[in-house]
>>> print(open('my_file_19.cif').read())   # mmCIF, C-alpha atoms
data_upload
#
loop_
_atom_site.group_PDB
_atom_site.id
_atom_site.type_symbol
_atom_site.label_atom_id
_atom_site.label_comp_id
_atom_site.auth_asym_id
_atom_site.auth_seq_id
_atom_site.Cartn_x
_atom_site.Cartn_y
_atom_site.Cartn_z
ATOM 1 C CA MET V 1 -12.068 -27.066 -25.389
ATOM 2 C CA THR V 2 -12.789 -23.360 -25.851
ATOM 3 C CA ARG V 3 -10.413 -20.646 -24.724
ATOM 4 C CA SER V 4 -12.756 -19.543 -21.916
ATOM 5 C CA ARG V 5 -12.947 -23.077 -20.533
ATOM 6 C CA VAL V 6 -9.176 -23.406 -20.677
ATOM 7 C CA LEU V 7 -8.853 -20.206 -18.641
ATOM 8 C CA VAL V 8 -11.349 -21.501 -16.075
ATOM 9 C CA VAL V 9 -9.393 -24.770 -15.740
ATOM 10 C CA VAL V 10 -6.117 -22.833 -15.400
ATOM 11 C CA ARG V 11 -7.579 -20.531 -12.749
ATOM 12 C CA TYR V 12 -9.007 -23.349 -10.659
ATOM 13 C CA GLY V 13 -5.791 -25.319 -11.077
ATOM 14 C CA LEU V 14 -3.713 -22.358 -9.958
ATOM 15 C CA LEU V 15 -6.007 -21.806 -6.984
ATOM 16 C CA ALA V 16 -5.622 -25.458 -5.995
ATOM 17 C CA LEU V 17 -1.821 -25.228 -6.237
ATOM 18 C CA VAL V 18 -1.765 -22.075 -4.111
ATOM 19 C CA LEU V 19 -3.973 -23.642 -1.447
ATOM 20 C CA VAL V 20 -1.855 -26.806 -1.385
ATOM 21 C CA ALA V 21 1.337 -24.751 -1.048
ATOM 22 C CA VAL V 22 -0.151 -22.663 1.756
ATOM 23 C CA GLY V 23 -1.436 -25.749 3.538
ATOM 24 C CA TRP V 24 1.947 -27.477 3.224
ATOM 25 C CA ALA V 25 3.773 -24.442 4.610
ATOM 26 C CA LEU V 26 1.367 -24.248 7.539
ATOM 27 C CA ALA V 27 1.679 -27.971 8.266
ATOM 28 C CA ARG V 28 5.481 -27.739 8.364
ATOM 29 C CA ASN V 29 5.429 -24.938 10.913
ATOM 30 C CA TRP V 30 2.136 -25.647 12.660
ATOM 31 C CA SER V 31 3.573 -26.279 16.120
ATOM 32 C CA GLU V 32 5.211 -22.830 16.200
ATOM 33 C CA VAL V 33 2.264 -21.088 14.498
ATOM 34 C CA SER V 34 -0.286 -22.699 16.823
ATOM 35 C CA ARG V 35 1.614 -21.361 19.836
ATOM 36 C CA GLU V 36 1.476 -17.857 18.390
ATOM 37 C CA LEU V 37 -2.234 -18.231 17.679
ATOM 38 C CA GLY V 38 -2.744 -19.207 21.319
ATOM 39 C CA ARG V 39 -0.977 -16.025 22.430
ATOM 40 C CA MET V 40 -3.215 -13.782 20.329
ATOM 41 C CA SER V 41 -5.793 -12.074 22.560
ATOM 42 C CA TRP V 42 -9.501 -12.171 21.780
ATOM 43 C CA PRO V 43 -9.921 -8.392 22.239
ATOM 44 C CA ALA V 44 -7.292 -7.907 19.518
ATOM 45 C CA VAL V 45 -9.106 -10.328 17.212
ATOM 46 C CA LEU V 46 -12.441 -8.577 17.817
ATOM 47 C CA ALA V 47 -10.878 -5.150 17.259
ATOM 48 C CA GLY V 48 -9.278 -6.490 14.092
ATOM 49 C CA LEU V 49 -12.666 -7.716 12.877
ATOM 50 C CA VAL V 50 -14.327 -4.347 13.502
ATOM 51 C CA LEU V 51 -11.582 -2.474 11.643
ATOM 52 C CA THR V 52 -11.540 -5.025 8.824
ATOM 53 C CA THR V 53 -15.321 -4.708 8.434
ATOM 54 C CA ALA V 54 -15.000 -0.919 8.231
ATOM 55 C CA ALA V 55 -12.853 -1.304 5.096
ATOM 56 C CA PRO V 56 -15.597 -2.523 2.703
ATOM 57 C CA VAL V 57 -17.987 0.044 4.173
ATOM 58 C CA ALA V 58 -15.562 2.842 3.246
ATOM 59 C CA THR V 59 -15.119 1.272 -0.192
ATOM 60 C CA LEU V 60 -18.908 1.288 -0.642
ATOM 61 C CA VAL V 61 -18.990 5.048 -0.027
ATOM 62 C CA GLY V 62 -16.365 5.614 -2.725
ATOM 63 C CA TRP V 63 -18.135 3.273 -5.171
ATOM 64 C CA ARG V 64 -21.439 5.059 -4.573
ATOM 65 C CA LEU V 65 -19.792 8.438 -5.248
ATOM 66 C CA LEU V 66 -18.506 7.151 -8.587
ATOM 67 C CA LEU V 67 -21.910 5.803 -9.552
ATOM 68 C CA ALA V 68 -23.585 9.102 -8.640
ATOM 69 C CA ASP V 69 -21.070 11.079 -10.681
ATOM 70 C CA LEU V 70 -21.813 8.854 -13.682
ATOM 71 C CA GLY V 71 -25.520 9.601 -13.409
ATOM 72 C CA THR V 72 -27.219 7.332 -10.844
ATOM 73 C CA ARG V 73 -27.774 8.222 -7.195
ATOM 74 C CA LEU V 74 -28.678 5.080 -5.285
ATOM 75 C CA PRO V 75 -29.923 5.248 -1.685
ATOM 76 C CA VAL V 76 -27.583 3.660 0.838
ATOM 77 C CA ALA V 77 -29.551 0.424 1.389
ATOM 78 C CA PRO V 78 -29.898 -0.700 -2.253
ATOM 79 C CA ALA V 79 -26.372 0.485 -3.026
ATOM 80 C CA ALA V 80 -25.019 -1.601 -0.144
ATOM 81 C CA SER V 81 -26.986 -4.637 -1.313
ATOM 82 C CA VAL V 82 -25.649 -4.413 -4.867
ATOM 83 C CA PHE V 83 -22.083 -3.660 -3.828
ATOM 84 C CA PHE V 84 -21.623 -6.111 -0.960
ATOM 85 C CA VAL V 85 -23.323 -9.092 -2.612
ATOM 86 C CA GLY V 86 -21.462 -8.424 -5.847
ATOM 87 C CA GLN V 87 -18.139 -8.276 -3.987
ATOM 88 C CA LEU V 88 -18.393 -12.002 -3.219
ATOM 89 C CA GLY V 89 -17.600 -12.534 -6.897
ATOM 90 C CA LYS V 90 -13.934 -11.845 -6.109
ATOM 91 C CA TYR V 91 -13.713 -15.271 -4.490
ATOM 92 C CA VAL V 92 -14.477 -16.947 -7.831
ATOM 93 C CA PRO V 93 -11.456 -17.494 -10.118
ATOM 94 C CA GLY V 94 -11.627 -14.842 -12.791
ATOM 95 C CA SER V 95 -11.746 -11.067 -12.946
ATOM 96 C CA VAL V 96 -15.277 -10.058 -13.983
ATOM 97 C CA TRP V 97 -17.714 -11.855 -11.693
ATOM 98 C CA THR V 98 -18.001 -8.953 -9.264
ATOM 99 C CA VAL V 99 -18.797 -6.510 -12.065
ATOM 100 C CA LEU V 100 -21.286 -8.870 -13.728
ATOM 101 C CA ALA V 101 -23.135 -9.546 -10.461
ATOM 102 C CA GLN V 102 -23.397 -5.829 -9.681
ATOM 103 C CA ALA V 103 -24.614 -5.055 -13.202
ATOM 104 C CA GLU V 104 -27.354 -7.699 -12.997
ATOM 105 C CA MET V 105 -28.564 -6.534 -9.586
ATOM 106 C CA GLY V 106 -28.361 -2.889 -10.643
ATOM 107 C CA ALA V 107 -30.591 -3.609 -13.646
ATOM 108 C CA LYS V 108 -33.418 -4.386 -11.202
ATOM 109 C CA LEU V 109 -32.971 -0.846 -9.864
ATOM 110 C CA ASP V 110 -33.131 0.608 -13.390
ATOM 111 C CA VAL V 111 -29.401 1.340 -13.445
ATOM 112 C CA PRO V 112 -28.001 0.841 -16.978
ATOM 113 C CA ARG V 113 -25.786 -2.237 -17.029
ATOM 114 C CA ARG V 114 -22.999 -0.385 -18.807
ATOM 115 C CA ARG V 115 -22.972 2.386 -16.207
ATOM 116 C CA MET V 116 -22.881 -0.110 -13.350
ATOM 117 C CA ALA V 117 -20.167 -2.168 -15.051
ATOM 118 C CA VAL V 118 -18.000 0.895 -15.703
ATOM 119 C CA THR V 119 -18.438 1.960 -12.082
ATOM 120 C CA GLY V 120 -17.379 -1.494 -10.897
ATOM 121 C CA LEU V 121 -14.307 -1.619 -13.136
ATOM 122 C CA LEU V 122 -13.321 1.939 -12.235
ATOM 123 C CA SER V 123 -13.619 1.265 -8.524
ATOM 124 C CA ILE V 124 -11.397 -1.811 -8.827
ATOM 125 C CA LEU V 125 -8.767 0.095 -10.816
ATOM 126 C CA LEU V 126 -8.816 3.120 -8.505
ATOM 127 C CA ALA V 127 -8.632 0.919 -5.407
ATOM 128 C CA ILE V 128 -5.588 -0.864 -6.830
ATOM 129 C CA LEU V 129 -4.011 2.466 -7.785
ATOM 130 C CA VAL V 130 -4.592 4.031 -4.353
ATOM 131 C CA GLY V 131 -3.369 0.881 -2.612
ATOM 132 C CA SER V 132 -0.253 0.823 -4.774
ATOM 133 C CA LEU V 133 0.518 4.479 -4.035
ATOM 134 C CA LEU V 134 0.182 3.863 -0.295
ATOM 135 C CA GLY V 135 2.172 0.655 -0.642
ATOM 136 C CA VAL V 136 5.091 2.363 -2.371
ATOM 137 C CA VAL V 137 6.145 3.540 1.085
ATOM 138 C CA ALA V 138 6.667 -0.105 2.115
ATOM 139 C CA LEU V 139 8.477 -1.110 -1.077
ATOM 140 C CA PRO V 140 12.035 -0.244 0.122
ATOM 141 C CA ARG V 141 11.503 -2.408 3.206
ATOM 142 C CA LEU V 142 10.238 -5.298 1.088
ATOM 143 C CA LEU V 143 13.164 -5.075 -1.339
ATOM 144 C CA ALA V 144 15.732 -4.748 1.455
ATOM 145 C CA ARG V 145 14.114 -7.616 3.403
ATOM 146 C CA GLY V 146 14.690 -5.585 6.529
ATOM 147 C CA SER V 147 13.964 -2.281 8.207
ATOM 148 C CA SER V 148 14.642 0.280 5.514
ATOM 149 C CA PRO V 149 14.021 4.010 5.979
ATOM 150 C CA VAL V 150 11.523 5.695 3.672
ATOM 151 C CA THR V 151 13.509 8.233 1.712
ATOM 152 C CA LEU V 152 12.036 11.527 0.579
ATOM 153 C CA TRP V 153 12.279 10.582 -3.078
ATOM 154 C CA VAL V 154 9.909 7.644 -2.533
ATOM 155 C CA LEU V 155 7.245 9.920 -1.064
ATOM 156 C CA VAL V 156 7.764 12.552 -3.764
ATOM 157 C CA ALA V 157 7.635 9.949 -6.532
ATOM 158 C CA ALA V 158 4.418 8.452 -5.125
ATOM 159 C CA ALA V 159 2.803 11.901 -4.843
ATOM 160 C CA LEU V 160 3.811 12.890 -8.392
ATOM 161 C CA LEU V 161 2.708 9.576 -9.868
ATOM 162 C CA GLY V 162 -0.626 9.772 -8.077
ATOM 163 C CA GLY V 163 -1.159 13.345 -9.249
ATOM 164 C CA VAL V 164 -0.525 12.388 -12.869
ATOM 165 C CA LEU V 165 -2.583 9.180 -12.926
ATOM 166 C CA LEU V 166 -5.505 10.770 -11.071
ATOM 167 C CA TRP V 167 -5.533 13.938 -13.173
ATOM 168 C CA PRO V 168 -9.187 14.082 -14.334
ATOM 169 C CA ARG V 169 -8.401 14.912 -17.968
ATOM 170 C CA LEU V 170 -5.939 12.019 -18.299
ATOM 171 C CA LEU V 171 -8.142 9.581 -16.391
ATOM 172 C CA ASN V 172 -11.168 10.419 -18.538
ATOM 173 C CA ALA V 173 -9.083 10.123 -21.702
ATOM 174 C CA LEU V 174 -7.846 6.671 -20.654
ATOM 175 C CA LEU V 175 -11.406 5.617 -19.813
ATOM 176 C CA ALA V 176 -12.686 6.800 -23.198
ATOM 177 C CA LEU V 177 -9.835 4.942 -24.938
ATOM 178 C CA GLY V 178 -10.623 1.762 -23.040
ATOM 179 C CA LEU V 179 -14.303 1.936 -24.020
ATOM 180 C CA ARG V 180 -13.368 2.463 -27.655
ATOM 181 C CA ILE V 181 -11.023 -0.529 -27.593
ATOM 182 C CA LEU V 182 -13.837 -2.614 -26.091
ATOM 183 C CA ARG V 183 -16.195 -1.202 -28.746
ATOM 184 C CA ARG V 184 -18.506 0.253 -26.157
ATOM 185 C CA GLU V 185 -20.352 3.559 -26.241
ATOM 186 C CA PRO V 186 -18.694 6.462 -24.405
ATOM 187 C CA LEU V 187 -19.974 7.644 -21.036
ATOM 188 C CA GLU V 188 -22.740 10.233 -20.923
ATOM 189 C CA HIS V 189 -20.268 12.677 -19.351
ATOM 190 C CA ALA V 190 -16.749 12.711 -17.967
ATOM 191 C CA LEU V 191 -15.887 12.010 -14.347
ATOM 192 C CA SER V 192 -15.539 15.169 -12.283
ATOM 193 C CA GLY V 193 -12.350 15.996 -10.421
ATOM 194 C CA ARG V 194 -14.328 16.215 -7.166
ATOM 195 C CA ALA V 195 -15.685 12.679 -7.544
ATOM 196 C CA ILE V 196 -12.229 11.306 -8.334
ATOM 197 C CA VAL V 197 -10.636 12.980 -5.302
ATOM 198 C CA LEU V 198 -13.395 12.007 -2.863
ATOM 199 C CA THR V 199 -13.528 8.438 -4.146
ATOM 200 C CA CYS V 200 -9.777 8.021 -3.769
ATOM 201 C CA LEU V 201 -9.897 9.462 -0.243
ATOM 202 C CA TRP V 202 -12.540 6.914 0.759
ATOM 203 C CA PHE V 203 -10.556 4.107 -0.870
ATOM 204 C CA ALA V 204 -7.459 5.267 1.021
ATOM 205 C CA ALA V 205 -9.505 5.179 4.239
ATOM 206 C CA ALA V 206 -10.528 1.611 3.416
ATOM 207 C CA TRP V 207 -6.879 0.574 3.026
ATOM 208 C CA VAL V 208 -5.986 2.265 6.318
ATOM 209 C CA PHE V 209 -8.866 0.568 8.174
ATOM 210 C CA ALA V 210 -7.836 -2.832 6.847
ATOM 211 C CA GLY V 211 -4.185 -2.175 7.666
ATOM 212 C CA LEU V 212 -5.046 -1.105 11.196
ATOM 213 C CA GLY V 213 -7.011 -4.327 11.549
ATOM 214 C CA VAL V 214 -3.785 -6.211 10.878
ATOM 215 C CA ALA V 215 -1.801 -3.848 13.114
ATOM 216 C CA VAL V 216 -3.834 -4.718 16.219
ATOM 217 C CA LEU V 217 -3.107 -8.402 15.574
ATOM 218 C CA VAL V 218 0.593 -7.604 15.256
ATOM 219 C CA LEU V 219 0.585 -5.645 18.516
ATOM 220 C CA SER V 220 -1.027 -8.604 20.256
ATOM 221 C CA LEU V 221 2.013 -10.769 19.417
ATOM 222 C CA ALA V 222 4.708 -8.084 19.177
ATOM 223 C CA PRO V 223 3.817 -5.340 21.689
ATOM 224 C CA ASP V 224 7.272 -3.779 21.283
ATOM 225 C CA ALA V 225 6.789 -3.124 17.564
ATOM 226 C CA GLY V 226 7.759 0.452 16.733
ATOM 227 C CA ALA V 227 5.612 3.097 15.077
ATOM 228 C CA SER V 228 7.526 2.795 11.787
ATOM 229 C CA ASP V 229 6.986 -0.978 11.800
ATOM 230 C CA LEU V 230 3.247 -0.524 12.237
ATOM 231 C CA VAL V 231 2.801 2.329 9.769
ATOM 232 C CA ILE V 232 5.238 1.250 7.057
ATOM 233 C CA GLY V 233 5.435 -2.493 7.513
ATOM 234 C CA VAL V 234 1.796 -3.166 8.394
ATOM 235 C CA VAL V 235 -0.576 -0.427 7.177
ATOM 236 C CA CYS V 236 1.316 0.557 4.024
ATOM 237 C CA GLY V 237 2.601 -3.006 3.686
ATOM 238 C CA PHE V 238 -0.925 -4.409 3.742
ATOM 239 C CA ALA V 239 -1.973 -1.952 1.016
ATOM 240 C CA LEU V 240 0.995 -3.026 -1.106
ATOM 241 C CA ALA V 241 0.351 -6.733 -0.535
ATOM 242 C CA SER V 242 -3.352 -6.396 -1.319
ATOM 243 C CA ALA V 243 -2.723 -4.359 -4.463
ATOM 244 C CA VAL V 244 -0.308 -7.022 -5.697
ATOM 245 C CA GLY V 245 -2.901 -9.673 -4.831
ATOM 246 C CA GLN V 246 -5.634 -7.853 -6.762
ATOM 247 C CA LEU V 247 -3.384 -7.620 -9.799
ATOM 248 C CA SER V 248 -3.092 -11.419 -9.687
ATOM 249 C CA VAL V 249 -6.377 -11.848 -11.540
ATOM 250 C CA LEU V 250 -5.936 -15.611 -11.941
ATOM 251 C CA VAL V 251 -6.122 -16.123 -8.173
ATOM 252 C CA PRO V 252 -9.441 -15.225 -6.465
ATOM 253 C CA ALA V 253 -9.212 -12.466 -3.839
ATOM 254 C CA GLY V 254 -5.409 -12.592 -4.080
ATOM 255 C CA VAL V 255 -5.311 -15.788 -2.014
ATOM 256 C CA GLY V 256 -1.704 -16.736 -1.287
ATOM 257 C CA VAL V 257 -0.232 -13.766 -3.145
ATOM 258 C CA ARG V 258 -1.371 -11.081 -0.712
ATOM 259 C CA ASP V 259 -0.584 -13.303 2.239
ATOM 260 C CA GLY V 260 2.922 -14.092 1.016
ATOM 261 C CA VAL V 261 3.879 -10.465 0.390
ATOM 262 C CA LEU V 262 2.452 -9.416 3.749
ATOM 263 C CA ALA V 263 4.372 -12.180 5.536
ATOM 264 C CA LEU V 264 7.621 -11.027 3.885
ATOM 265 C CA LEU V 265 7.031 -7.545 5.291
ATOM 266 C CA LEU V 266 6.066 -8.736 8.761
ATOM 267 C CA VAL V 267 9.158 -10.915 9.184
ATOM 268 C CA THR V 268 11.280 -7.772 8.989
ATOM 269 C CA PHE V 269 10.370 -7.100 12.629
ATOM 270 C CA MET V 270 8.761 -10.252 14.072
ATOM 271 C CA PRO V 271 9.416 -14.036 13.982
ATOM 272 C CA LEU V 272 8.160 -16.031 11.009
ATOM 273 C CA SER V 273 5.783 -18.065 13.184
ATOM 274 C CA ALA V 274 4.174 -14.896 14.559
ATOM 275 C CA ALA V 275 3.966 -13.339 11.088
ATOM 276 C CA THR V 276 2.296 -16.490 9.775
ATOM 277 C CA ALA V 277 -0.235 -16.438 12.615
ATOM 278 C CA VAL V 278 -1.082 -12.795 11.853
ATOM 279 C CA VAL V 279 -1.487 -13.530 8.138
ATOM 280 C CA VAL V 280 -3.755 -16.522 8.797
ATOM 281 C CA VAL V 281 -6.011 -14.611 11.211
ATOM 282 C CA ALA V 282 -6.070 -11.524 8.969
ATOM 283 C CA ARG V 283 -7.226 -13.618 6.015
ATOM 284 C CA PHE V 284 -9.898 -15.268 8.163
ATOM 285 C CA LEU V 285 -11.165 -11.899 9.429
ATOM 286 C CA ALA V 286 -11.310 -10.534 5.872
ATOM 287 C CA ILE V 287 -13.513 -13.453 4.806
ATOM 288 C CA VAL V 288 -15.756 -13.056 7.865
ATOM 289 C CA ALA V 289 -16.101 -9.313 7.227
ATOM 290 C CA ASP V 290 -17.054 -9.918 3.580
ATOM 291 C CA LEU V 291 -19.636 -12.501 4.634
ATOM 292 C CA VAL V 292 -21.108 -10.200 7.299
ATOM 293 C CA VAL V 293 -21.654 -7.231 4.987
ATOM 294 C CA ALA V 294 -22.728 -9.477 2.094
ATOM 295 C CA GLY V 295 -25.205 -11.226 4.386
ATOM 296 C CA ALA V 296 -26.783 -7.902 5.302
ATOM 297 C CA GLY V 297 -26.883 -6.918 1.626
ATOM 298 C CA TRP V 298 -28.341 -10.287 0.636
ATOM 299 C CA ALA V 299 -31.119 -10.010 3.248
ATOM 300 C CA TRP V 300 -32.135 -6.563 1.948
ATOM 301 C CA GLY V 301 -31.867 -7.721 -1.666
ATOM 302 C CA ARG V 302 -34.092 -10.755 -1.061
ATOM 303 C CA ARG V 303 -36.766 -8.615 0.543
ATOM 304 C CA HIS V 304 -36.695 -6.184 -2.375
ATOM 305 C CA HIS V 305 -36.376 -8.760 -5.177
ATOM 306 C CA LEU V 306 -32.884 -7.774 -6.322
ATOM 307 C CA LEU V 307 -31.613 -11.341 -6.419
ATOM 308 C CA GLY V 308 -32.389 -13.865 -9.114
ATOM 309 C CA SER V 309 -32.913 -13.397 -12.814
ATOM 310 C CA VAL V 310 -33.595 -9.947 -14.162
ATOM 311 C CA GLY V 311 -37.154 -9.553 -15.388
#
>>> encode(input="my_file_19.cif", output="structure tokens")
Amino acid sequence: MTRSRVLVVVRYGLLALVLVAVGWALARNWSEVSRELGRMSWPAVLAGLVLTTAAPVATLVGWRLLLADLGTRLPVAPAASVFFVGQLGKYVPGSVWTVLAQAEMGAKLDVPRRRMAVTGLLSILLAILVGSLLGVVALPRLLARGSSPVTLWVLVAAALLGGVLLWPRLLNALLALGLRILRREPLEHALSGRAIVLTCLWFAAAWVFAGLGVAVLVLSLAPDAGASDLVIGVVCGFALASAVGQLSVLVPAGVGVRDGVLALLLVTFMPLSAATAVVVVARFLAIVADLVVAGAGWAWGRRHHLLGSVG
């Protein structure tokens, strides 16, 4: 068996183990969780869906800015088709399916595959970086397993780290080094500081939208939750949990990993059964949101012959 097939078997096996563990945990506590699910209001669920759907839209804007800075300006409709359909690749065990799908669809729009692939990889890395920097605020609470104040040094450290890692000269140097290691040709030109800043702002907005989508679910079950719980434990906590999930490349879409970290943060101010209910609904809404935007992208792509083999 080749190395690639071994990795595929390992990834699917790990996914199966995660799903079994999650299912077992839910079954053990289903009576309590089901009661919490019954208490969750439909307006909160609908509001959560709207906010969750806004997250990939904001990510699309950042991705499109990166692609334009690298040399290709795609109109909104084809860009959305390529990005949203390609994003479904994150649900397949592995770490490259999203990038490969976007590169193949982009080729039908005369976008060089290498440029599209670099844009996809960069957007993933920058999204993880931005999510991690936002999530640092929730790290003391996670480590303390309780309500822990955010000290000034945490905010200063996050700001300094972000400034260094997002410094255009360093980021471009790291990108050039990565392409050399992969034996790929360098980019036509370096990323501009403006594109990096604007992209990261849109990615930060995406994290905030998604976190607010979870926050409305939390408020439905814990209306007395304080502002610090919602901002630090939910919004920043969701960014941290999702960044950790995205770094778990063996598990598609961070299934189980993101949910576990988020649950650990939520139980610092609400019962475990309620936290579990929020995590379950939040995961469901994220899948629905991805399917909604991908469905719209797929419909446009089918009409304009972006799907299928590249001619």
>>> residues_around(input="my_file_19.cif", residues="stretch 280-289 of chain V", least_positions_apart="2", cutoff="7 Å", atoms="only C-alpha atoms", output="ChimeraX atom specification")
/V:49,52-53,214,276-278,291-293
>>> residues_near_point(input="my_file_19.cif", point="(9.6, 0.7, 14.8)", cutoff="12 Å", atoms="all atoms listed in the file", output="list in words")
Gly146, Ser147, Ser148, Pro149, Leu219, Ala222, Pro223, Asp224, Ala225, Gly226, Ala227, Ser228, Asp229, Leu230, Val231, Ile232, Gly233, Val234, Leu266, Thr268, Phe269 and Met270 of chain V
>>> atom_distance(input="my_file_19.cif", atom1="atom CA of V:Leu221", atom2="atom CA of V:Trp42")
11.8 Å
>>> closest_residue(input="my_file_19.cif", among="V:Ala239, V:Ala195, V:Leu175, V:Val85", to="V:Leu139", atoms="only C-alpha atoms")
V:Ala239
>>> resolve_selection(input="my_file_19.cif", expression="the PyMOL selection byres ((chain V and resi 69-75) around 8)", output="tab-separated table (two decimals) with C-alpha atoms, in the frame of the given file")
chain	number	residue	atom	x	y	z
V	64	ARG	CA	-21.44	5.06	-4.57
V	65	LEU	CA	-19.79	8.44	-5.25
V	66	LEU	CA	-18.51	7.15	-8.59
V	67	LEU	CA	-21.91	5.80	-9.55
V	68	ALA	CA	-23.58	9.10	-8.64
V	76	VAL	CA	-27.58	3.66	0.84
V	77	ALA	CA	-29.55	0.42	1.39
V	78	PRO	CA	-29.90	-0.70	-2.25
V	79	ALA	CA	-26.37	0.48	-3.03
V	111	VAL	CA	-29.40	1.34	-13.44
V	115	ARG	CA	-22.97	2.39	-16.21
V	119	THR	CA	-18.44	1.96	-12.08
V	187	LEU	CA	-19.97	7.64	-21.04
V	188	GLU	CA	-22.74	10.23	-20.92
V	189	HIS	CA	-20.27	12.68	-19.35
V	190	ALA	CA	-16.75	12.71	-17.97
V	191	LEU	CA	-15.89	12.01	-14.35
V	192	SER	CA	-15.54	15.17	-12.28
V	195	ALA	CA	-15.68	12.68	-7.54
>>> closest_residue(input="my_file_19.cif", among="V:Leu51, V:Leu165, V:Met40, V:Leu129", to="V:Leu212", atoms="only C-alpha atoms")
V:Leu51
>>> resolve_selection(input="my_file_19.cif", expression="the PyMOL selection byres ((chain V and resi 204) around 8)", output="PyMOL selection string")
chain V and resi 127+130-131+134+200-203+205-208
>>> atom_distance(input="my_file_19.cif", atom1="atom CA of V:Val235", atom2="atom CA of V:Ala159")
17.5 Å
>>> residues_around(input="my_file_19.cif", residues="stretch 81-84 of chain V", least_positions_apart="2", cutoff="6 Å", atoms="only C-alpha atoms", output="ChimeraX atom specification")
/V:78-79,86-87,102,105,294,297,301
>>> closest_residue(input="my_file_19.cif", among="V:Val137, V:Leu142, V:Val50, V:Leu122", to="V:Asp290", atoms="only C-alpha atoms")
V:Val50
>>> resolve_selection(input="my_file_19.cif", expression="the PyMOL selection byres ((chain V and resi 241-243) around 9)", output="PyMOL selection string")
chain V and resi 127-132+135+207+236-240+244-248+253-254+257-262+265
>>> atom_distance(input="my_file_19.cif", atom1="atom CA of V:Val164", atom2="atom CA of V:Arg114")
26.5 Å
>>> closest_residue(input="my_file_19.cif", among="V:Ala210, V:Ala80, V:Leu198, V:Ala55", to="V:Gly106", atoms="all atoms listed in the file")
V:Ala80
>>> closest_residue(input="my_file_19.cif", among="V:Leu179, V:Leu125, V:Val154, V:Val136", to="V:Leu166", atoms="all atoms listed in the file")
V:Leu125
